[in-house]
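> This one is upload39.pdb, PDB, C-alpha atoms.
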```pdb
MODEL        1
ATOM      1  CA  MET A  16       0.000   0.000   0.000  1.00  0.00           C
ATOM      2  CA  LYS A  17       1.261   3.478  -0.920  1.00  0.00           C
ATOM      3  CA  ILE A  18       0.983   5.941   1.973  1.00  0.00           C
ATOM      4  CA  ILE A  19       1.322   9.676   1.403  1.00  0.00           C
ATOM      5  CA  GLY A  20       1.566  12.497   3.900  1.00  0.00           C
ATOM      6  CA  ILE A  21      -0.415  15.662   3.205  1.00  0.00           C
ATOM      7  CA  ILE A  22       0.220  18.854   5.167  1.00  0.00           C
ATOM      8  CA  PRO A  23      -2.576  21.448   4.890  1.00  0.00           C
ATOM      9  CA  ALA A  24      -1.312  25.032   4.745  1.00  0.00           C
ATOM     10  CA  ARG A  25      -3.314  28.180   4.109  1.00  0.00           C
ATOM     11  CA  TYR A  26      -2.173  31.763   4.025  1.00  0.00           C
ATOM     12  CA  ALA A  27      -5.406  33.503   5.045  1.00  0.00           C
ATOM     13  CA  SER A  28      -5.531  32.483   8.690  1.00  0.00           C
ATOM     14  CA  SER A  29      -7.685  34.795  10.790  1.00  0.00           C
ATOM     15  CA  ARG A  30      -5.409  34.522  13.845  1.00  0.00           C
ATOM     16  CA  LEU A  31      -2.025  34.750  12.101  1.00  0.00           C
ATOM     17  CA  PRO A  32      -2.159  35.526   8.369  1.00  0.00           C
ATOM     18  CA  GLY A  33       0.762  34.040   6.471  1.00  0.00           C
ATOM     19  CA  LYS A  34       1.652  31.643   9.300  1.00  0.00           C
ATOM     20  CA  PRO A  35       3.178  28.941   7.031  1.00  0.00           C
ATOM     21  CA  LEU A  36       5.659  31.544   5.756  1.00  0.00           C
ATOM     22  CA  ALA A  37       6.513  32.978   9.182  1.00  0.00           C
ATOM     23  CA  ASP A  38      10.277  33.016   9.722  1.00  0.00           C
ATOM     24  CA  ILE A  39      11.571  30.713  12.446  1.00  0.00           C
ATOM     25  CA  GLU A  40      15.344  30.744  12.828  1.00  0.00           C
ATOM     26  CA  GLY A  41      15.917  31.557   9.168  1.00  0.00           C
ATOM     27  CA  HIS A  42      13.372  29.199   7.617  1.00  0.00           C
ATOM     28  CA  PRO A  43       9.627  29.476   6.996  1.00  0.00           C
ATOM     29  CA  MET A  44       7.442  27.491   9.387  1.00  0.00           C
ATOM     30  CA  ILE A  45       6.294  25.169   6.587  1.00  0.00           C
ATOM     31  CA  TRP A  46       9.942  24.138   6.031  1.00  0.00           C
ATOM     32  CA  TRP A  47      10.199  22.988   9.644  1.00  0.00           C
ATOM     33  CA  VAL A  48       6.893  21.111   9.462  1.00  0.00           C
ATOM     34  CA  TYR A  49       7.795  19.376   6.194  1.00  0.00           C
ATOM     35  CA  ASN A  50      11.181  18.310   7.548  1.00  0.00           C
ATOM     36  CA  GLN A  51       9.526  16.696  10.550  1.00  0.00           C
ATOM     37  CA  VAL A  52       6.865  14.933   8.474  1.00  0.00           C
ATOM     38  CA  ILE A  53       9.397  13.364   6.074  1.00  0.00           C
ATOM     39  CA  LYS A  54      10.924  11.582   9.062  1.00  0.00           C
ATOM     40  CA  VAL A  55       7.870   9.290   9.100  1.00  0.00           C
ATOM     41  CA  LYS A  56       9.291   6.251   7.320  1.00  0.00           C
ATOM     42  CA  GLN A  57       5.847   4.958   6.327  1.00  0.00           C
ATOM     43  CA  PHE A  58       5.247   7.921   4.007  1.00  0.00           C
ATOM     44  CA  GLY A  59       6.322   7.201   0.453  1.00  0.00           C
ATOM     45  CA  GLN A  60       5.738  10.850  -0.475  1.00  0.00           C
ATOM     46  CA  VAL A  61       4.837  14.061   1.342  1.00  0.00           C
ATOM     47  CA  PHE A  62       2.927  17.021  -0.102  1.00  0.00           C
ATOM     48  CA  VAL A  63       1.872  20.434   1.128  1.00  0.00           C
ATOM     49  CA  ALA A  64      -1.752  21.162   0.184  1.00  0.00           C
ATOM     50  CA  THR A  65      -2.245  24.901  -0.183  1.00  0.00           C
ATOM     51  CA  ASP A  66      -4.506  27.472  -1.790  1.00  0.00           C
ATOM     52  CA  ASP A  67      -1.792  30.121  -2.018  1.00  0.00           C
ATOM     53  CA  SER A  68       0.867  30.490  -4.710  1.00  0.00           C
ATOM     54  CA  ARG A  69       3.322  32.084  -2.248  1.00  0.00           C
ATOM     55  CA  ILE A  70       3.257  28.963  -0.099  1.00  0.00           C
ATOM     56  CA  ARG A  71       3.527  26.704  -3.161  1.00  0.00           C
ATOM     57  CA  GLU A  72       6.532  28.674  -4.439  1.00  0.00           C
ATOM     58  CA  CYS A  73       8.228  28.541  -1.029  1.00  0.00           C
ATOM     59  CA  VAL A  74       7.688  24.781  -0.770  1.00  0.00           C
ATOM     60  CA  GLU A  75       8.907  24.082  -4.289  1.00  0.00           C
ATOM     61  CA  LYS A  76      11.921  26.384  -3.871  1.00  0.00           C
ATOM     62  CA  ALA A  77      12.942  24.210  -0.911  1.00  0.00           C
ATOM     63  CA  GLY A  78      12.744  21.155  -3.176  1.00  0.00           C
ATOM     64  CA  PHE A  79       9.531  19.857  -1.642  1.00  0.00           C
ATOM     65  CA  ARG A  80       6.215  18.924  -3.267  1.00  0.00           C
ATOM     66  CA  ALA A  81       3.037  20.992  -3.245  1.00  0.00           C
ATOM     67  CA  VAL A  82      -0.471  20.636  -4.614  1.00  0.00           C
ATOM     68  CA  MET A  83      -2.838  23.562  -5.170  1.00  0.00           C
ATOM     69  CA  THR A  84      -6.312  23.310  -3.684  1.00  0.00           C
ATOM     70  CA  SER A  85      -9.420  25.461  -3.568  1.00  0.00           C
ATOM     71  CA  ASP A  86      -9.551  28.548  -1.357  1.00  0.00           C
ATOM     72  CA  THR A  87     -13.095  27.722  -0.200  1.00  0.00           C
ATOM     73  CA  HIS A  88     -12.261  25.001   2.323  1.00  0.00           C
ATOM     74  CA  ARG A  89     -13.459  25.504   5.881  1.00  0.00           C
ATOM     75  CA  SER A  90     -10.847  23.232   7.423  1.00  0.00           C
ATOM     76  CA  GLY A  91      -7.523  21.541   6.883  1.00  0.00           C
ATOM     77  CA  THR A  92      -9.355  18.231   6.670  1.00  0.00           C
ATOM     78  CA  GLU A  93     -11.287  19.426   3.607  1.00  0.00           C
ATOM     79  CA  ARG A  94      -8.032  20.654   2.031  1.00  0.00           C
ATOM     80  CA  VAL A  95      -6.348  17.288   2.656  1.00  0.00           C
ATOM     81  CA  GLU A  96      -9.311  15.437   1.128  1.00  0.00           C
ATOM     82  CA  GLU A  97      -9.152  17.535  -2.054  1.00  0.00           C
ATOM     83  CA  ALA A  98      -5.391  17.076  -2.319  1.00  0.00           C
ATOM     84  CA  TYR A  99      -5.838  13.331  -1.902  1.00  0.00           C
ATOM     85  CA  ARG A 100      -8.342  13.272  -4.783  1.00  0.00           C
ATOM     86  CA  LEU A 101      -6.106  15.450  -6.982  1.00  0.00           C
ATOM     87  CA  LEU A 102      -3.113  13.192  -6.375  1.00  0.00           C
ATOM     88  CA  GLY A 103      -5.126  10.156  -7.417  1.00  0.00           C
TER      89      GLY A 103
ENDMDL
END
```
Mind turning this structure into structure tokens?

Amino acid sequence: MKIIGIIPARYASSRLPGKPLADIEGHPMIWWVYNQVIKVKQFGQVFVATDDSRIRECVEKAGFRAVMTSDTHRSGTERVEEAYRLLG
């Protein structure tokens, strides 16, 4: 069975807009999250599911994978579900 990890990341947070791109010790937060998730040996692949091109560009610049999703999701769970469908 192929297992993938999907990290939901949106820019338009009401509490902290742009949180995935927030700098933490010289790297965006999403970089730190991705690097922790890839340590899970069961994941064959890991993707960031986002609705924002700035996050996608940041992820891809770091050499990671991203998938664009709709900006209408009400939760990270909905974003993960769409990404799962898009990835087949």
> Using only C-alpha atoms, which protein or nucleic acid residues come within 8 Å of range 60-76 of chain A? Drop anything in the same chain fewer than 2 positions from it, and give the result as a ChimeraX atom specification.
/A:18-26,35-36,45-46,49,52-53,58,78-86,94-95,98
> For the residues in that selection, give me C-alpha atoms as a PDB file, keeping the file's coordinate frame.

```
ATOM      1  CA  ILE A  18       0.983   5.941   1.973  1.00  0.00           C
ATOM      2  CA  ILE A  19       1.322   9.676   1.403  1.00  0.00           C
ATOM      3  CA  GLY A  20       1.566  12.497   3.900  1.00  0.00           C
ATOM      4  CA  ILE A  21      -0.415  15.662   3.205  1.00  0.00           C
ATOM      5  CA  ILE A  22       0.220  18.854   5.167  1.00  0.00           C
ATOM      6  CA  PRO A  23      -2.576  21.448   4.890  1.00  0.00           C
ATOM      7  CA  ALA A  24      -1.312  25.032   4.745  1.00  0.00           C
ATOM      8  CA  ARG A  25      -3.314  28.180   4.109  1.00  0.00           C
ATOM      9  CA  TYR A  26      -2.173  31.763   4.025  1.00  0.00           C
ATOM     10  CA  PRO A  35       3.178  28.941   7.031  1.00  0.00           C
ATOM     11  CA  LEU A  36       5.659  31.544   5.756  1.00  0.00           C
ATOM     12  CA  ILE A  45       6.294  25.169   6.587  1.00  0.00           C
ATOM     13  CA  TRP A  46       9.942  24.138   6.031  1.00  0.00           C
ATOM     14  CA  TYR A  49       7.795  19.376   6.194  1.00  0.00           C
ATOM     15  CA  VAL A  52       6.865  14.933   8.474  1.00  0.00           C
ATOM     16  CA  ILE A  53       9.397  13.364   6.074  1.00  0.00           C
ATOM     17  CA  PHE A  58       5.247   7.921   4.007  1.00  0.00           C
ATOM     18  CA  GLY A  78      12.744  21.155  -3.176  1.00  0.00           C
ATOM     19  CA  PHE A  79       9.531  19.857  -1.642  1.00  0.00           C
ATOM     20  CA  ARG A  80       6.215  18.924  -3.267  1.00  0.00           C
ATOM     21  CA  ALA A  81       3.037  20.992  -3.245  1.00  0.00           C
ATOM     22  CA  VAL A  82      -0.471  20.636  -4.614  1.00  0.00           C
ATOM     23  CA  MET A  83      -2.838  23.562  -5.170  1.00  0.00           C
ATOM     24  CA  THR A  84      -6.312  23.310  -3.684  1.00  0.00           C
ATOM     25  CA  SER A  85      -9.420  25.461  -3.568  1.00  0.00           C
ATOM     26  CA  ASP A  86      -9.551  28.548  -1.357  1.00  0.00           C
ATOM     27  CA  ARG A  94      -8.032  20.654   2.031  1.00  0.00           C
ATOM     28  CA  VAL A  95      -6.348  17.288   2.656  1.00  0.00           C
ATOM     29  CA  ALA A  98      -5.391  17.076  -2.319  1.00  0.00           C
TER      30      ALA A  98
END
```
> Please, what distance in Å, to one decimal, runs between CA of Lys34 in chain A and CA of Lys56 in chain A?
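CA of Lys56 in chain A lies 26.6 Å from CA of Lys34 in chain A.
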> Kindly give the distance, in Å, that separates CA of Tyr99 in chain A and CA of Val48 in chain A, rounded to a single decimal.
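Atom-to-atom, CA of Tyr99 in chain A and CA of Val48 in chain A are spaced 18.8 Å apart.
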> If I take CA of Met44 in chain A and CA of Leu101 in chain A, how far is one from the other in Å, to one decimal?
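These two atoms are separated by 24.4 Å.
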> Considering only C-alpha atoms, state which residue in the set A:Lys54, A:Glu96, A:Gly103, A:Ser90 is at the smallest distance from Ser28 in chain A.
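Checking each candidate against Ser28 in chain A, we get A:Ser90 as the closest.
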> For each of A:Arg100, A:Lys17, A:Ala37, A:Ser29, take the minimum atom-to-atom distance to Gln57 in chain A, counting only C-alpha atoms, then give the residue where this is smallest.
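Checking each of A:Arg100, A:Lys17, A:Ala37, A:Ser29 against Gln57 in chain A, counting only C-alpha atoms, the winner is A:Lys17.
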> Please rebuild range 43-68 of chain A with N, CA, C and O atoms and return the result as a CSV table (one decimal), in the coordinates of the input.

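See result.csv below for the written result:
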```csv
chain,number,residue,atom,x,y,z
A,43,PRO,N,11.1,29.3,6.8
A,43,PRO,CA,9.6,29.5,7.0
A,43,PRO,C,9.1,28.3,7.8
A,43,PRO,O,9.6,27.2,7.8
A,44,MET,N,8.0,28.5,8.6
A,44,MET,CA,7.4,27.5,9.4
A,44,MET,C,7.1,26.2,8.6
A,44,MET,O,7.4,25.1,9.1
A,45,ILE,N,6.6,26.4,7.4
A,45,ILE,CA,6.3,25.2,6.6
A,45,ILE,C,7.5,24.3,6.3
A,45,ILE,O,7.4,23.1,6.2
A,46,TRP,N,8.7,24.9,6.2
A,46,TRP,CA,9.9,24.1,6.0
A,46,TRP,C,10.2,23.2,7.2
A,46,TRP,O,10.5,22.1,7.1
A,47,TRP,N,10.0,23.8,8.4
A,47,TRP,CA,10.2,23.0,9.6
A,47,TRP,C,9.2,21.8,9.7
A,47,TRP,O,9.5,20.7,10.1
A,48,VAL,N,7.9,22.1,9.4
A,48,VAL,CA,6.9,21.1,9.5
A,48,VAL,C,7.2,20.0,8.5
A,48,VAL,O,7.2,18.8,8.8
A,49,TYR,N,7.5,20.4,7.2
A,49,TYR,CA,7.8,19.4,6.2
A,49,TYR,C,9.0,18.5,6.6
A,49,TYR,O,8.9,17.3,6.5
A,50,ASN,N,10.0,19.1,7.1
A,50,ASN,CA,11.2,18.3,7.5
A,50,ASN,C,10.9,17.3,8.7
A,50,ASN,O,11.6,16.3,8.8
A,51,GLN,N,9.9,17.6,9.5
A,51,GLN,CA,9.5,16.7,10.6
A,51,GLN,C,8.7,15.6,10.0
A,51,GLN,O,8.8,14.4,10.3
A,52,VAL,N,7.8,15.9,9.1
A,52,VAL,CA,6.9,14.9,8.5
A,52,VAL,C,7.6,13.9,7.6
A,52,VAL,O,7.3,12.7,7.7
A,53,ILE,N,8.7,14.3,6.9
A,53,ILE,CA,9.4,13.4,6.1
A,53,ILE,C,10.2,12.3,6.9
A,53,ILE,O,10.7,11.4,6.4
A,54,LYS,N,10.3,12.6,8.2
A,54,LYS,CA,10.9,11.6,9.1
A,54,LYS,C,10.1,10.3,9.3
A,54,LYS,O,10.6,9.3,9.8
A,55,VAL,N,8.8,10.4,9.0
A,55,VAL,CA,7.9,9.3,9.1
A,55,VAL,C,8.2,8.3,8.0
A,55,VAL,O,7.9,8.6,6.8
A,56,LYS,N,8.8,7.2,8.3
A,56,LYS,CA,9.3,6.3,7.3
A,56,LYS,C,8.2,5.6,6.5
A,56,LYS,O,8.4,5.2,5.4
A,57,GLN,N,7.0,5.6,7.0
A,57,GLN,CA,5.8,5.0,6.3
A,57,GLN,C,5.4,5.8,5.1
A,57,GLN,O,4.7,5.3,4.3
A,58,PHE,N,5.7,7.1,5.1
A,58,PHE,CA,5.2,7.9,4.0
A,58,PHE,C,6.2,7.7,2.8
A,58,PHE,O,7.4,8.0,2.9
A,59,GLY,N,5.6,7.3,1.7
A,59,GLY,CA,6.3,7.2,0.5
A,59,GLY,C,6.6,8.6,-0.2
A,59,GLY,O,7.6,8.8,-0.8
A,60,GLN,N,5.6,9.5,0.0
A,60,GLN,CA,5.7,10.8,-0.5
A,60,GLN,C,5.0,11.8,0.5
A,60,GLN,O,4.1,11.4,1.2
A,61,VAL,N,5.5,13.0,0.5
A,61,VAL,CA,4.8,14.1,1.3
A,61,VAL,C,4.5,15.3,0.5
A,61,VAL,O,5.4,15.7,-0.3
A,62,PHE,N,3.4,15.8,0.6
A,62,PHE,CA,2.9,17.0,-0.1
A,62,PHE,C,2.4,18.1,0.8
A,62,PHE,O,1.9,17.8,1.9
A,63,VAL,N,2.5,19.3,0.4
A,63,VAL,CA,1.9,20.4,1.1
A,63,VAL,C,0.7,20.8,0.3
A,63,VAL,O,0.8,21.0,-0.9
A,64,ALA,N,-0.5,20.8,0.9
A,64,ALA,CA,-1.8,21.2,0.2
A,64,ALA,C,-2.1,22.6,0.5
A,64,ALA,O,-2.3,22.9,1.7
A,65,THR,N,-2.1,23.5,-0.5
A,65,THR,CA,-2.2,24.9,-0.2
A,65,THR,C,-3.1,25.6,-1.2
A,65,THR,O,-3.2,25.1,-2.4
A,66,ASP,N,-3.7,26.7,-0.9
A,66,ASP,CA,-4.5,27.5,-1.8
A,66,ASP,C,-3.8,28.7,-2.2
A,66,ASP,O,-4.3,29.6,-2.8
A,67,ASP,N,-2.5,28.9,-1.8
A,67,ASP,CA,-1.8,30.1,-2.0
A,67,ASP,C,-0.5,29.9,-2.8
A,67,ASP,O,0.3,29.0,-2.4
A,68,SER,N,-0.3,30.7,-3.9
A,68,SER,CA,0.9,30.5,-4.7
A,68,SER,C,2.2,30.8,-4.0
A,68,SER,O,3.2,30.3,-4.3
```
